[in-house]
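Beneath this line is the structure, given in structure tokens, with notes to follow.
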Amino acid sequence: MKTLFKILATALFIISGFTGCKSTDAQSDEIATVDVTKSYPQKELILQDFLDVEYIPLETSDEFITSAYVQAVSKEIILVRNINQAGAGNIFVFDRKGKGLKKINRRGQGAEEYMHITGLVALDEDDNEIFVNTSIIRKMMGYDLLGNFKRSMLYTESKDMLPQSIMIYNPIYSFDRNHLIVQDCVSGRDCYGPKIKDLNPRNIFLIISKQDGSVIKEIQIPFEKKVFQGLIAENGGVLGMLSNPGLIPYRDGWILTEASADTIYSYSPDHKLQPLIVRTPSVQDMDPEIFLYPGVITDRYYFLQTIKKEHDPTELQSNLLTTDLVYDRKEKNAFEYIVYNNDFTTKRAIANLVHKQPILTVINSDEIAFAEQIEAFELVEAYEKGQLKGKLKEIAATLNEESNSVIMLAKYKK
């Protein structure tokens, strides 16, 4: 049966490659293959060599004071909220020059309010709406950019759920004018029966209605069996759990990563599933398992992270062992990497380009690869030490330690 499944999965893989969406500069028919067990040499990269950089100082005023956890960036606005303050409820809207436009706070327990904010706030730039996800009450709230309530949507239970299972949507994004795309981030993590073998095999990527939250489509990712994504201690507790998002933007579509599958897919707005990255060996054959997750994607580089189901002894918290990799499409090989920001005269590394929220937010839109929040006090200190140059130096000269953060947008070269 296992051999038969792999044959069928390979057939689906090949068919998907021929029926997927049309190639572009950033999305060719080439499929990257990464061996997650290998040790790779290190490559040093300069950010400005492969991406253009724009710095946006956020206006600081009594109303607009924020630690600037970037939620979304459109052609006209930047959406941020406060770091580690999901329960505070503040959502800030700035224009693309950093001018404060609106502070929204609809936190509360009323019918038109959210109790807290789970993950990123989703932005629908076509209809100027935002969607706030509150997993505690399994509900999503829609507002306009002035904070006016428009609708609420309850989670819809999956027909494949085990009796003791729950659903948590995280992340959520605007898919089109009528739908959201969401990840059920619980399935395969702690959504299992009395024994690990009872893992719930349900689909984790859903297209849902923006009007009532009903599930319009379940996106099927082929895999042999569900793999538990946590590390269990001898006393039955969890020592570590995957936290990387399996759903991230990718130009006008999405990248979908199901930890139990060996292929990472792109998913287009017309619902075409196309292989993007294949990992070897199969996660189904590993003990302990090593998972692979993508992050920032450029024309040349795929930034990736492996997560081994072993506890990292250097971490005080319950974290799993990780390795940051970049697949170079020109050299057709993977490397460990360090990316430096050339606007610092000292070697300042960019936070890893896969899963480093809230410092870094993967955008992967037609314009922007990622956004990074740089603290004002860090820039003030670097300016005083003569460690900055160019536009970043000019901006730092206008800041003080109490200023709002500066948002760095890393954009695809034209």
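Just remember, in the structure tokens the first chain shown is A, the second B, etc., residues are 1-based per chain, and ligands are 1-based in the order shown.
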Q: Do a neighbour search on A:Arg279 at 7 Å with only C-alpha atoms, toss out local chain neighbours closer than 3 positions, and write the hits as a list in words.
A: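 In the requested form, the answer reads Thr33, Val34, Asp35, Val36, Asp262, Thr263 and Ser282 of chain A.
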Q: Extract the full set of strand (DSSP E or B) residues from stretch 82-318 of chain A according to DSSP on the backbone, and format it as a VMD selection string.
A: chain A and resid 91 to 95 100 to 104 107 114 122 to 124 129 to 134 139 to 144 149 to 154 169 to 174 179 to 184 205 to 209 215 to 219 230 to 232 238 to 241 247 to 250 253 to 256 263 to 267 273 to 280 290 to 297 301 to 311
Q: Would you list the contacts of stretch 181-185 of chain A as a PyMOL selection string, taking every protein, DNA or RNA residue within 8 Å and counting only C-alpha atoms, but skipping same-chain residues closer than 2 positions in sequence?
A: chain A and resi 167-175+179+187+189+204-208+245-247
Q: Based on DSSP run over this structure's backbone, return all residues of stretch 148-393 of chain A in helix (DSSP H, G or I), as a ChimeraX atom specification.
A: /A:196-198,283-285,376-384,390-393
Q.
Just to confirm, what's the straight-line distance from atom CA of A:Arg300 to atom CA of A:Asp328 in Å (one decimal)?
A.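 These atoms are spaced 6.0 Å apart.
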Q: Work out how far atom CA of A:Phe50 is from atom CA of A:Ala259, in Å to one decimal.
A: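 Here the two named atoms are 29.1 Å from each other.
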Q: Write out as a ChimeraX atom specification which residues come within 8 Å of A:Phe94 when counting only C-alpha atoms, dropping same-chain ones fewer than 2 positions away.
A: /A:58,77-79,92,96-102
Q. From the set A:Tyr250, A:Asp176, A:Tyr114, A:Ile104, which residue has the shortest atom-to-atom contact distance to A:Asn148, counting only C-alpha atoms?
A.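 Answer, going by the shortest atom-to-atom distance: A:Ile104.
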Q: Mind checking which residues fall within 8 Å of A:Asp252, counting only C-alpha atoms, ignoring those fewer than 4 positions away in the same chain, and posting them as JSON, numbers by chain?
A: {"A": [268, 269, 365, 366]}
Quick one: write out the picked residues with N, CA and C atoms as a CSV table (one decimal), in the first residue's frame?
```csv
chain,number,residue,atom,x,y,z
A,268,SER,N,-2.7,29.0,-7.3
A,268,SER,CA,-3.0,30.2,-8.1
A,268,SER,C,-4.4,30.7,-7.8
A,269,PRO,N,-4.7,31.9,-8.2
A,269,PRO,CA,-6.1,32.4,-8.0
A,269,PRO,C,-7.2,31.6,-8.7
A,365,SER,N,4.5,39.7,-2.5
A,365,SER,CA,3.5,40.3,-3.4
A,365,SER,C,4.2,40.5,-4.8
A,366,ASP,N,3.4,41.1,-5.7
A,366,ASP,CA,4.1,41.5,-7.0
A,366,ASP,C,5.2,42.5,-6.8
```
